[in-house]
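Down below is the structure, laid out as structure tokens.
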Amino acid sequence: MSTRSFSLAGYGPRRRSAWSRLTARDSVVWRLDWIMLLAGTALAVIGSLLVYSATRNRTELNQGDPHYFLFRHVVSLVIGIALMGGVVWLGHRRLRSVVPVLYSVAVLLAICVLTPLGATINGSRAWLNLGGGFTIQPAEFIKITVILGMAMLLAAKVDAGDRTYPDHRTVVHALGMALLPIAVIMLMPDLGSVMVLVVIVLAVLLASGASNRWILGLGLAGTLGAVLIWALGLLDEYQINRFAAFANPALDPAGVGYNTNQARIAIGSGGLTGKGLFEGTQTTGQFVPEQQTDFVFTVAGEELGFVGGGLILVLLGIVIWRACRIARESTELYSTIVAAGIIAWFAFQAFENIGMTLGIMPVAGLPLPFVSYGGTSMFAVWIAVGLLQSIRTQKPIAA
Amino acid sequence: MTNIPETGRTPRVTIRLIAIQILVLSLLLTLGGRLWYLQIRNGDEYEKEAAGNHVQQVVEPAVRGSILDARGVPIADNETRLVVSASRTELMKMDDEGKAVLERLAKVLGMAPKTVKEKVRLCDAKTPQPCWNGSPYQPIPVTDDVKPEQALQIRERSEDFPGITAEPAAVRRYPAPNKANTSQALGYLSPVSDEEIEKAKDTDSPFLPADEIGRSGLERSYDAKLRGSSGVTRYEVDNLGRVMGRAKSDKAKPGANLVTSLDSRVQAVSEKQLDQAMKAARTEFDKNTGRNYKADAGAVVVMENKTGRVVSMASNPEYDPNAWVGGISGKEYAKLTGKKSNYPLLNRSIQGLAAPGSIFKVIPTAAAVKAGYDFNGGYDCASSYEVGGQVFKNFESKGYGTIDLGRALEVSCDTVFYDLAYKQWKKDGGNTPKKGAKDWFYKTAHQFGLGKKTGIDLPNEVEGRVPDRKWKKEYWEANKDAWCKQAKDPSDYAGKIARENCVSGMKMRAGDSVNYSIGQGDTLVTPIQMATIYGALGNGGTMYDPTLGKAIVSADGKSVNEIKPSPHGKLPMSGKTLKQMDQALQGVATRGSAAWRFGQAGWPQDKIKMRAKTGTAEVAGKQTTSWLATYTDDFTVVMTISQGGTGSGASGPAVRKIYDALYGVGSDGSVDKKKALLSKPQTKLPKIDKDGAIEAQRDKKPVAEGARPEAGEASGQPARREGEGGDQPPVPDTGGPPGNGQPGNGAAPGDGATPAQHVRGTRDEAGERP
């Protein structure tokens, strides 16, 4: 059947009440991927508990208020879900037209981080001071805008029906567009985000149908680049130390290997069912640093055990599985690329984050999507969920 | 909007999307697998680690027990001092490894920056003292000698002194009552090393990194009792060590006090008299070497006959044991271990070896009786004796005609013993010994306890040597290669000797046996061995293990564990012989070689029977060793001075003065019991209060003649432990010990190394008498 696209404007009966429009069988609400939303919300609820458990004792951080982090976390979550709603309401297609603007703003913010406006935490100058105790992490927005920007460039000719696959010129343009913010983030340096972006770029190219040579070439270049970075000593000492500690955590259990060692002890000691929420000795004793953000999974491991940790993995799996479904079912290359980029982002970031707490990945400062404390990350993740939802709701109703 | 085909994707994209999906979901599976591995497979192990993680041990060191003299006067106790310590772990975290902090610290303390840095460096093979020999994780004491205002500066400017602490702590002190510093017998402490902690981990008395352990002397032999056990409080803590709860705890158990048989007053007299005798000897001219006596070392032991308890034990050169407290300085360590100062760490009473000379003669006398010779028989005391073309002369070539063994002992007639020894040697087969040779003279020496340790309760006692056939053979086997090599150049005298040794050094020659019979040659004894023998002569023949420890009193005073005298053998002679020998030794004191120091010098022999035997031992290449062995009914005094001259000449006055002080003998021979320090052995233990404090017996009268004047000492105080509460106000250093005991000369701090070499050469010692 011929399917004209379902633009918001002009489809369906014009005069329906807002309520009936929302509850109708063909409404946006009905067509939302509720499974993904439920899984995401469950992760967010678990995350809130974990953040609270990790921070209620950290008096030197929470300014004496045990609910300080929980409150801010929930506020971020509400804002994040609102942002998702906004994205769904606007629709990814409408956003497509402002991608260059979003991209420029994100890159500008990232550059600002390198100016005196930036704030350094844990050796990375990755935060932007907004005043009033608020900070944002532009790298999180970069992840979205790089996905959107590359998708826009790569899919332009294909979606217009001019070509089956993006041509080399387009690929070069898209890569150039991604490289600029990657370079900026490299300068911060925020190695974790760089790693995620590289994975995103690869996934985006894969999904775009770009020539195999590009994929292989980039894979090779990435490996070479990593070797070069290592050989030329472009990494900061703290980063090298993190890698060294990854290779051998027993190296210096009081120093570099401390994080990974303590994280592993926390998770390992959880056993099958954990020590009970708020009962973890590693968590209450604050042996694991950054436990509300990068190491939030250790709280789950220790206090909720294999059951709780496994639940988080399953919920993440559900989100990613639903996202894969959306990517496969979308009819435009643009949407496919965006979905694939988000999948790669979520999956790799979750893998890196949990992997480092389990000692199978080197330590890099990355939050666990949906779970970790951190406003910007929360916003970015829920915006991405909004994009996925929008892709799903705005596809033609096939059957 | 654009017009797009119904299927928005080509197969290539679809395949790639499926690939992405498989990839990302397998990542999650990997995580799940790893999670299972950590939590289910290895969960127990991590649980243990987590438990160890959040439990922090706070160690409260036990107060070390005091060492008291027989009257309860502390000779080693503790005082509270302000100790400045540096944490190496903290310092090493700094960019400059704490250099700036240590320099600032040196300025506040008024020390050289170099000194401070040396104190906190770790000892290793290449680092000489001063350095830290303890655990690197333990705060290292920089000094225990700070004024309260200096400590305050460090505390108040803690941001300038990260890793530096200034805390009051119990510090060992050797108060030297009556100025008797008792250094070698007391020993010293030093921090426990990591290896020792590891080694003692599973024993009954494990070490903690903060512990100091006894390295020599009483501090070492009674270390386990004195040390007590540290208290351990286990807290549940967070990562910054903030306490969240308290787990199982053990209270600190203070160490027990050790009451010794030492009498600090007698000790003081002994030390002073030994020192003065050596000084006097240095003014005497030695005809044989053409220069004054060097008197480079000496020792004196005062022992109870009937128990083997040591009343005093002095070794010279001495040092101030307080030098070790709070970490020894480089200069002092060099002094204590240097050759120049002749190794003052050596306790020459138990580690000094020398040929005994004529004080040995009681042994061949007993041996002769055993071999069947009549004590009262007639023996020719010629002025010289010839064996195999070699002439052995009597002392000053004097002859006494035919005399009995008692008289031979009394006049110290060498030729009588030469003859007996030679006859026995021939009887045993001479150069080709018979099977089942009797070897009476050597066997008897072994039975007298020579060539083995007396079993004194001090570490590193040496065995000495009886140069019997077995030893000769072993010694020859160990040295023949060197001798035979040297013998290839037989032009000089040394070459000739080497040749002789190379060819027949394994044999007991006639000359060896003859020489041996008068305590010359290769025989080596320690003063404590001789004291044990003469003490046994004085008690009817029982040889006791010499002891300094008398009782171990628990800190609360509830348990008093007396160390009973323990005999280890009987002298190999009948009661009759013993009496005869006793008579002869009385003769030495009244008519013989020691008479001019006793019987003929106003000694009240009728009231206090004195027995004595003098000895002057030859040492090749050195001056003679002075020996004087004496005993009364209750006490034995043995004294020796290396390169000091004759027995009665060099040691006589000192031994006499020690007896004068013990019994209160006046210059006119009167005996004043009130002046006597110890006219009878101290049998009772000092009074122990209900709270465990041991009362020191106070002297109303000044310490008798011969002792150093008493300084303002706390000798009358009960041995209450300072620092027990831990919260006393900082006490500035109150000067503590006397500065009088030569503050250090040195020997290797005594682990294992047999110090015999420092005292004496071994072979080639005594040839013939002049």
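A note on labels: chains of the structure tokens are A, B, ... as shown, every chain counts residues from 1, and ligands are counted from 1 in their shown order.
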
Query raised in the report: Got a sec to pull out which chain A residues are within 8 Å of chain B, counting only C-alpha atoms, and send them as a PyMOL selection string?
Result: chain A and resi 3+5+159-161+164+203+206-209+264-272+281-282+284-287+305-306+309-310+313+317+320-321+324+327-328+330-333+340+343-344+347-348+351+354-355+358

Preceding selection exported with C-alpha atoms as a PDB file, in the first residue's frame:
ATOM      1  CA  THR A   3       2.120   5.118   2.599  1.00  0.00           C
ATOM      2  CA  SER A   5       4.351   9.731   5.624  1.00  0.00           C
ATOM      3  CA  ASP A 159      16.609   8.916   1.884  1.00  0.00           C
ATOM      4  CA  ALA A 160      16.124  11.205  -1.084  1.00  0.00           C
ATOM      5  CA  GLY A 161      16.329   8.115  -3.228  1.00  0.00           C
ATOM      6  CA  THR A 164      21.464   3.168  -2.356  1.00  0.00           C
ATOM      7  CA  ALA A 203      28.126   1.642  14.357  1.00  0.00           C
ATOM      8  CA  LEU A 206      27.880   0.192   9.636  1.00  0.00           C
ATOM      9  CA  ALA A 207      24.208   1.017   9.745  1.00  0.00           C
ATOM     10  CA  SER A 208      24.519   3.562   6.971  1.00  0.00           C
ATOM     11  CA  GLY A 209      25.540   0.856   4.530  1.00  0.00           C
ATOM     12  CA  ARG A 264      35.676  -6.221  42.720  1.00  0.00           C
ATOM     13  CA  ILE A 265      35.641  -6.949  46.439  1.00  0.00           C
ATOM     14  CA  ALA A 266      32.333  -5.105  46.736  1.00  0.00           C
ATOM     15  CA  ILE A 267      30.712  -7.008  43.898  1.00  0.00           C
ATOM     16  CA  GLY A 268      32.267 -10.364  44.718  1.00  0.00           C
ATOM     17  CA  SER A 269      31.222 -10.196  48.347  1.00  0.00           C
ATOM     18  CA  GLY A 270      27.588  -9.702  47.321  1.00  0.00           C
ATOM     19  CA  GLY A 271      27.100 -13.339  46.493  1.00  0.00           C
ATOM     20  CA  LEU A 272      23.798 -14.550  45.152  1.00  0.00           C
ATOM     21  CA  THR A 281      29.973  -2.881  54.245  1.00  0.00           C
ATOM     22  CA  GLN A 282      31.970  -1.802  51.220  1.00  0.00           C
ATOM     23  CA  THR A 284      28.623   2.072  53.830  1.00  0.00           C
ATOM     24  CA  GLY A 285      32.332   2.122  54.453  1.00  0.00           C
ATOM     25  CA  GLN A 286      32.848   4.072  51.230  1.00  0.00           C
ATOM     26  CA  PHE A 287      35.675   1.887  50.076  1.00  0.00           C
ATOM     27  CA  GLY A 305      23.908  -9.578  44.717  1.00  0.00           C
ATOM     28  CA  PHE A 306      23.835 -11.603  41.519  1.00  0.00           C
ATOM     29  CA  GLY A 309      23.134  -7.152  39.175  1.00  0.00           C
ATOM     30  CA  GLY A 310      21.577  -9.656  36.797  1.00  0.00           C
ATOM     31  CA  LEU A 313      21.757  -6.472  32.924  1.00  0.00           C
ATOM     32  CA  GLY A 317      19.191  -5.940  27.556  1.00  0.00           C
ATOM     33  CA  ILE A 320      18.739  -2.492  23.796  1.00  0.00           C
ATOM     34  CA  TRP A 321      16.654  -5.307  22.332  1.00  0.00           C
ATOM     35  CA  CYS A 324      17.293  -2.969  17.906  1.00  0.00           C
ATOM     36  CA  ALA A 327      16.230   0.167  14.204  1.00  0.00           C
ATOM     37  CA  ARG A 328      15.201  -2.828  12.150  1.00  0.00           C
ATOM     38  CA  SER A 330      12.321   1.896  10.730  1.00  0.00           C
ATOM     39  CA  THR A 331      11.843   2.644   7.066  1.00  0.00           C
ATOM     40  CA  GLU A 332      14.166   5.602   6.693  1.00  0.00           C
ATOM     41  CA  LEU A 333      17.955   5.233   6.699  1.00  0.00           C
ATOM     42  CA  ALA A 340      21.922   2.099  15.578  1.00  0.00           C
ATOM     43  CA  ILE A 343      22.202   1.193  20.492  1.00  0.00           C
ATOM     44  CA  ALA A 344      25.979   1.260  20.144  1.00  0.00           C
ATOM     45  CA  ALA A 347      25.488  -0.976  24.824  1.00  0.00           C
ATOM     46  CA  PHE A 348      29.132   0.009  24.770  1.00  0.00           C
ATOM     47  CA  PHE A 351      29.620  -2.681  28.829  1.00  0.00           C
ATOM     48  CA  ILE A 354      30.006  -2.516  34.262  1.00  0.00           C
ATOM     49  CA  GLY A 355      33.028  -4.200  32.701  1.00  0.00           C
ATOM     50  CA  LEU A 358      34.018  -6.359  37.124  1.00  0.00           C
TER      51      LEU A 358
END

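By chain and then residue number, the residues within 12 Å of Ala371 (chain B) are Pro364, Thr365, Leu420, Ala421, Lys423, Gln424, Trp425, Lys427, Asp428, Ala437, Lys438, Asp439, Trp440, Phe441, Tyr442, Lys443, Thr444, Pro572 and Met573 of chain B, counting only C-alpha atoms and disregarding those fewer than 6 positions away in sequence.
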
Written selection (N, CA and C atoms) as a PDB file, in the first residue's frame:
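Dumped to out_34.pdb:
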ATOM      1  N   PRO B 364      93.817 -29.724  86.816  1.00  0.00           N
ATOM      2  CA  PRO B 364      94.818 -30.808  86.815  1.00  0.00           C
ATOM      3  C   PRO B 364      95.027 -31.427  88.197  1.00  0.00           C
ATOM      4  N   THR B 365      94.820 -30.651  89.265  1.00  0.00           N
ATOM      5  CA  THR B 365      94.952 -31.229  90.600  1.00  0.00           C
ATOM      6  C   THR B 365      93.899 -32.327  90.777  1.00  0.00           C
ATOM      7  N   LEU B 420     103.344 -34.379  86.004  1.00  0.00           N
ATOM      8  CA  LEU B 420     102.146 -35.220  86.027  1.00  0.00           C
ATOM      9  C   LEU B 420     101.549 -35.341  84.633  1.00  0.00           C
ATOM     10  N   ALA B 421     101.485 -34.229  83.942  1.00  0.00           N
ATOM     11  CA  ALA B 421     100.863 -34.211  82.616  1.00  0.00           C
ATOM     12  C   ALA B 421     101.687 -35.029  81.637  1.00  0.00           C
ATOM     13  N   LYS B 423     103.720 -37.495  82.313  1.00  0.00           N
ATOM     14  CA  LYS B 423     103.614 -38.930  82.621  1.00  0.00           C
ATOM     15  C   LYS B 423     102.298 -39.494  82.084  1.00  0.00           C
ATOM     16  N   GLN B 424     101.269 -38.751  82.290  1.00  0.00           N
ATOM     17  CA  GLN B 424      99.963 -39.210  81.794  1.00  0.00           C
ATOM     18  C   GLN B 424      99.963 -39.290  80.270  1.00  0.00           C
ATOM     19  N   TRP B 425     100.604 -38.311  79.676  1.00  0.00           N
ATOM     20  CA  TRP B 425     100.655 -38.275  78.198  1.00  0.00           C
ATOM     21  C   TRP B 425     101.362 -39.518  77.676  1.00  0.00           C
ATOM     22  N   LYS B 427     101.726 -42.335  79.315  1.00  0.00           N
ATOM     23  CA  LYS B 427     100.897 -43.489  79.670  1.00  0.00           C
ATOM     24  C   LYS B 427      99.818 -43.732  78.609  1.00  0.00           C
ATOM     25  N   ASP B 428      99.324 -42.622  78.105  1.00  0.00           N
ATOM     26  CA  ASP B 428      98.257 -42.726  77.106  1.00  0.00           C
ATOM     27  C   ASP B 428      98.794 -43.045  75.719  1.00  0.00           C
ATOM     28  N   ALA B 437      92.730 -44.493  75.607  1.00  0.00           N
ATOM     29  CA  ALA B 437      93.558 -43.616  76.417  1.00  0.00           C
ATOM     30  C   ALA B 437      92.697 -42.910  77.461  1.00  0.00           C
ATOM     31  N   LYS B 438      93.248 -42.777  78.664  1.00  0.00           N
ATOM     32  CA  LYS B 438      92.450 -42.212  79.753  1.00  0.00           C
ATOM     33  C   LYS B 438      92.253 -40.697  79.593  1.00  0.00           C
ATOM     34  N   ASP B 439      93.294 -40.023  79.157  1.00  0.00           N
ATOM     35  CA  ASP B 439      93.221 -38.571  78.968  1.00  0.00           C
ATOM     36  C   ASP B 439      92.639 -37.867  80.207  1.00  0.00           C
ATOM     37  N   TRP B 440      93.129 -38.237  81.374  1.00  0.00           N
ATOM     38  CA  TRP B 440      92.550 -37.707  82.614  1.00  0.00           C
ATOM     39  C   TRP B 440      92.475 -36.180  82.639  1.00  0.00           C
ATOM     40  N   PHE B 441      93.534 -35.548  82.188  1.00  0.00           N
ATOM     41  CA  PHE B 441      93.585 -34.090  82.316  1.00  0.00           C
ATOM     42  C   PHE B 441      92.528 -33.406  81.440  1.00  0.00           C
ATOM     43  N   TYR B 442      92.264 -34.028  80.299  1.00  0.00           N
ATOM     44  CA  TYR B 442      91.283 -33.403  79.386  1.00  0.00           C
ATOM     45  C   TYR B 442      89.865 -33.757  79.794  1.00  0.00           C
ATOM     46  N   LYS B 443      89.709 -35.039  80.167  1.00  0.00           N
ATOM     47  CA  LYS B 443      88.386 -35.488  80.581  1.00  0.00           C
ATOM     48  C   LYS B 443      87.896 -34.666  81.769  1.00  0.00           C
ATOM     49  N   THR B 444      88.814 -34.450  82.716  1.00  0.00           N
ATOM     50  CA  THR B 444      88.441 -33.701  83.909  1.00  0.00           C
ATOM     51  C   THR B 444      88.025 -32.267  83.556  1.00  0.00           C
ATOM     52  N   PRO B 572      84.181 -33.304  89.568  1.00  0.00           N
ATOM     53  CA  PRO B 572      84.603 -34.706  89.620  1.00  0.00           C
ATOM     54  C   PRO B 572      85.672 -34.941  90.699  1.00  0.00           C
ATOM     55  N   MET B 573      85.286 -34.762  91.931  1.00  0.00           N
ATOM     56  CA  MET B 573      86.242 -35.079  92.999  1.00  0.00           C
ATOM     57  C   MET B 573      85.499 -35.416  94.283  1.00  0.00           C
TER      58      MET B 573
END

Report summary line: Counting only C-alpha atoms, closest pick from A:Arg392, A:Arg72, A:Lys143, A:Arg93 relative to Thr55 (chain A) is A:Arg72

**Report entry** Contact residues around Val296 (chain A) with only C-alpha atoms at 8 Å, ignoring same-chain residues under 3 positions, as a PyMOL selection string
**Finding:** chain A and resi 47+50-51+54+290-293+299-300+368+371-372

Please produce a file of those selected residues containing N, CA and C atoms, as an mmCIF file, in the first residue's frame.
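Listed below is the output, out_4.cif:
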data_model
loop_
_atom_site.group_PDB
_atom_site.id
_atom_site.type_symbol
_atom_site.label_atom_id
_atom_site.label_comp_id
_atom_site.auth_asym_id
_atom_site.auth_seq_id
_atom_site.Cartn_x
_atom_site.Cartn_y
_atom_site.Cartn_z
ATOM 1 N N GLY A 47 18.323 2.705 40.061
ATOM 2 C CA GLY A 47 19.430 3.668 40.124
ATOM 3 C C GLY A 47 19.271 4.639 41.277
ATOM 4 N N LEU A 50 20.161 2.974 44.462
ATOM 5 C CA LEU A 50 21.600 2.741 44.563
ATOM 6 C C LEU A 50 22.336 4.042 44.860
ATOM 7 N N VAL A 51 21.914 5.101 44.171
ATOM 8 C CA VAL A 51 22.549 6.397 44.392
ATOM 9 C C VAL A 51 22.342 6.823 45.846
ATOM 10 N N ALA A 54 24.534 4.810 48.093
ATOM 11 C CA ALA A 54 25.951 5.144 47.986
ATOM 12 C C ALA A 54 26.270 6.491 48.605
ATOM 13 N N GLU A 290 33.715 7.176 43.814
ATOM 14 C CA GLU A 290 32.807 7.493 42.699
ATOM 15 C C GLU A 290 31.666 6.489 42.629
ATOM 16 N N GLN A 291 31.161 6.116 43.789
ATOM 17 C CA GLN A 291 30.233 4.993 43.775
ATOM 18 C C GLN A 291 28.838 5.381 43.293
ATOM 19 N N GLN A 292 28.507 6.666 43.326
ATOM 20 C CA GLN A 292 27.171 7.039 42.853
ATOM 21 C C GLN A 292 27.177 7.257 41.337
ATOM 22 N N THR A 293 28.372 7.453 40.772
ATOM 23 C CA THR A 293 28.426 7.704 39.324
ATOM 24 C C THR A 293 29.028 6.502 38.602
ATOM 25 N N VAL A 299 27.391 -0.973 43.951
ATOM 26 C CA VAL A 299 26.376 -0.950 45.013
ATOM 27 C C VAL A 299 25.378 -2.073 44.758
ATOM 28 N N ALA A 300 24.940 -2.172 43.503
ATOM 29 C CA ALA A 300 23.995 -3.234 43.152
ATOM 30 C C ALA A 300 24.611 -4.587 43.413
ATOM 31 N N LEU A 368 26.801 4.796 34.072
ATOM 32 C CA LEU A 368 25.978 3.689 33.588
ATOM 33 C C LEU A 368 24.629 4.262 33.145
ATOM 34 N N VAL A 371 21.162 4.596 35.188
ATOM 35 C CA VAL A 371 21.345 4.239 36.595
ATOM 36 C C VAL A 371 22.184 5.263 37.350
ATOM 37 N N SER A 372 23.292 5.669 36.759
ATOM 38 C CA SER A 372 24.246 6.509 37.471
ATOM 39 C C SER A 372 23.675 7.871 37.804
#

Query raised in the report: Could you name the residues that touch region 212-216 of chain A at 10 Å or less, counting only C-alpha atoms, but leaving out those on the same chain fewer than 2 positions away, as an MDAnalysis selection string?
Result: chainID A and resid 168 171:172 201:203 205:206 209:210 218:222

Could the residues in this selection be written to a file with N, CA and C atoms, as a PDB file, in the first residue's frame?
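Ended up saving to again09.pdb:
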ATOM      1  N   HIS A 168      31.520   7.953  -0.979  1.00  0.00           N
ATOM      2  CA  HIS A 168      32.748   8.210  -0.201  1.00  0.00           C
ATOM      3  C   HIS A 168      32.822   9.632   0.292  1.00  0.00           C
ATOM      4  N   VAL A 171      30.728  10.077   3.259  1.00  0.00           N
ATOM      5  CA  VAL A 171      31.355   9.413   4.416  1.00  0.00           C
ATOM      6  C   VAL A 171      32.455  10.300   4.982  1.00  0.00           C
ATOM      7  N   VAL A 172      33.280  10.868   4.085  1.00  0.00           N
ATOM      8  CA  VAL A 172      34.367  11.752   4.535  1.00  0.00           C
ATOM      9  C   VAL A 172      33.785  12.936   5.281  1.00  0.00           C
ATOM     10  N   VAL A 201      30.667   6.031  16.034  1.00  0.00           N
ATOM     11  CA  VAL A 201      30.994   6.325  14.642  1.00  0.00           C
ATOM     12  C   VAL A 201      31.019   5.043  13.816  1.00  0.00           C
ATOM     13  N   LEU A 202      31.647   4.012  14.392  1.00  0.00           N
ATOM     14  CA  LEU A 202      31.711   2.730  13.678  1.00  0.00           C
ATOM     15  C   LEU A 202      30.312   2.160  13.440  1.00  0.00           C
ATOM     16  N   ALA A 203      29.479   2.195  14.489  1.00  0.00           N
ATOM     17  CA  ALA A 203      28.126   1.642  14.357  1.00  0.00           C
ATOM     18  C   ALA A 203      27.317   2.434  13.346  1.00  0.00           C
ATOM     19  N   LEU A 205      28.422   4.156  10.786  1.00  0.00           N
ATOM     20  CA  LEU A 205      28.877   3.829   9.443  1.00  0.00           C
ATOM     21  C   LEU A 205      28.357   2.465   9.004  1.00  0.00           C
ATOM     22  N   LEU A 206      28.407   1.522   9.940  1.00  0.00           N
ATOM     23  CA  LEU A 206      27.880   0.192   9.636  1.00  0.00           C
ATOM     24  C   LEU A 206      26.427   0.268   9.195  1.00  0.00           C
ATOM     25  N   GLY A 209      25.309   1.617   5.755  1.00  0.00           N
ATOM     26  CA  GLY A 209      25.540   0.856   4.530  1.00  0.00           C
ATOM     27  C   GLY A 209      26.783   1.308   3.802  1.00  0.00           C
ATOM     28  N   ALA A 210      27.620   2.085   4.469  1.00  0.00           N
ATOM     29  CA  ALA A 210      28.846   2.560   3.823  1.00  0.00           C
ATOM     30  C   ALA A 210      29.720   1.372   3.466  1.00  0.00           C
ATOM     31  N   LEU A 218      38.600   1.958   8.944  1.00  0.00           N
ATOM     32  CA  LEU A 218      38.483   2.675  10.208  1.00  0.00           C
ATOM     33  C   LEU A 218      38.874   1.799  11.387  1.00  0.00           C
ATOM     34  N   GLY A 219      38.466   0.536  11.304  1.00  0.00           N
ATOM     35  CA  GLY A 219      38.853  -0.391  12.376  1.00  0.00           C
ATOM     36  C   GLY A 219      40.359  -0.447  12.514  1.00  0.00           C
ATOM     37  N   LEU A 220      41.029  -0.560  11.366  1.00  0.00           N
ATOM     38  CA  LEU A 220      42.487  -0.614  11.357  1.00  0.00           C
ATOM     39  C   LEU A 220      43.089   0.681  11.880  1.00  0.00           C
ATOM     40  N   ALA A 221      42.554   1.805  11.381  1.00  0.00           N
ATOM     41  CA  ALA A 221      43.053   3.112  11.797  1.00  0.00           C
ATOM     42  C   ALA A 221      42.877   3.293  13.303  1.00  0.00           C
ATOM     43  N   GLY A 222      41.735   2.831  13.784  1.00  0.00           N
ATOM     44  CA  GLY A 222      41.486   2.950  15.224  1.00  0.00           C
ATOM     45  C   GLY A 222      42.529   2.185  16.017  1.00  0.00           C
TER      46      GLY A 222
END

Query - Atom-to-atom span, CA of Val101 (chain B) and CA of Lys114 (chain B), Å - result: 12.7 Å

Query raised in the report: Could you name the residues that touch region 178-192 of chain A at 9 Å or less, counting only C-alpha atoms, but leaving out those on the same chain fewer than 5 positions away, as a PyMOL selection string?
Result: chain A and resi 106-107+110-111+113-114+120+123-126+139+142+146-147+149-150+173+197-198+201+235-236+239+349+352+363-366

Report task. Determine which residues of region 641-691 of chain B receive a DSSP assignment of alpha helix (DSSP H), computed from the backbone, and state them as a list in words. Result -> Gly652, Pro653, Ala654, Val655, Arg656, Lys657, Ile658, Tyr659, Asp660, Ala661, Leu662 and Tyr663 of chain B

Query - Closest of B:Asp414, B:Asp457, B:Glu159, B:Asp211 to Pro139 (chain B) - atom-to-atom distances counting only C-alpha atoms - result: B:Asp211

Query raised in the report: Could you pull out all residues of region 262-338 of chain B with a DSSP call of strand (DSSP E or B) and give them as a list in words?
Result: Phe285, Asp286, Arg291, Asn292, Ala297, Gly298, Ala299, Val300, Val301, Val302, Met303, Glu304, Arg309, Val310, Val311, Ser312, Met313, Ala314, Ser315 and Asn316 of chain B
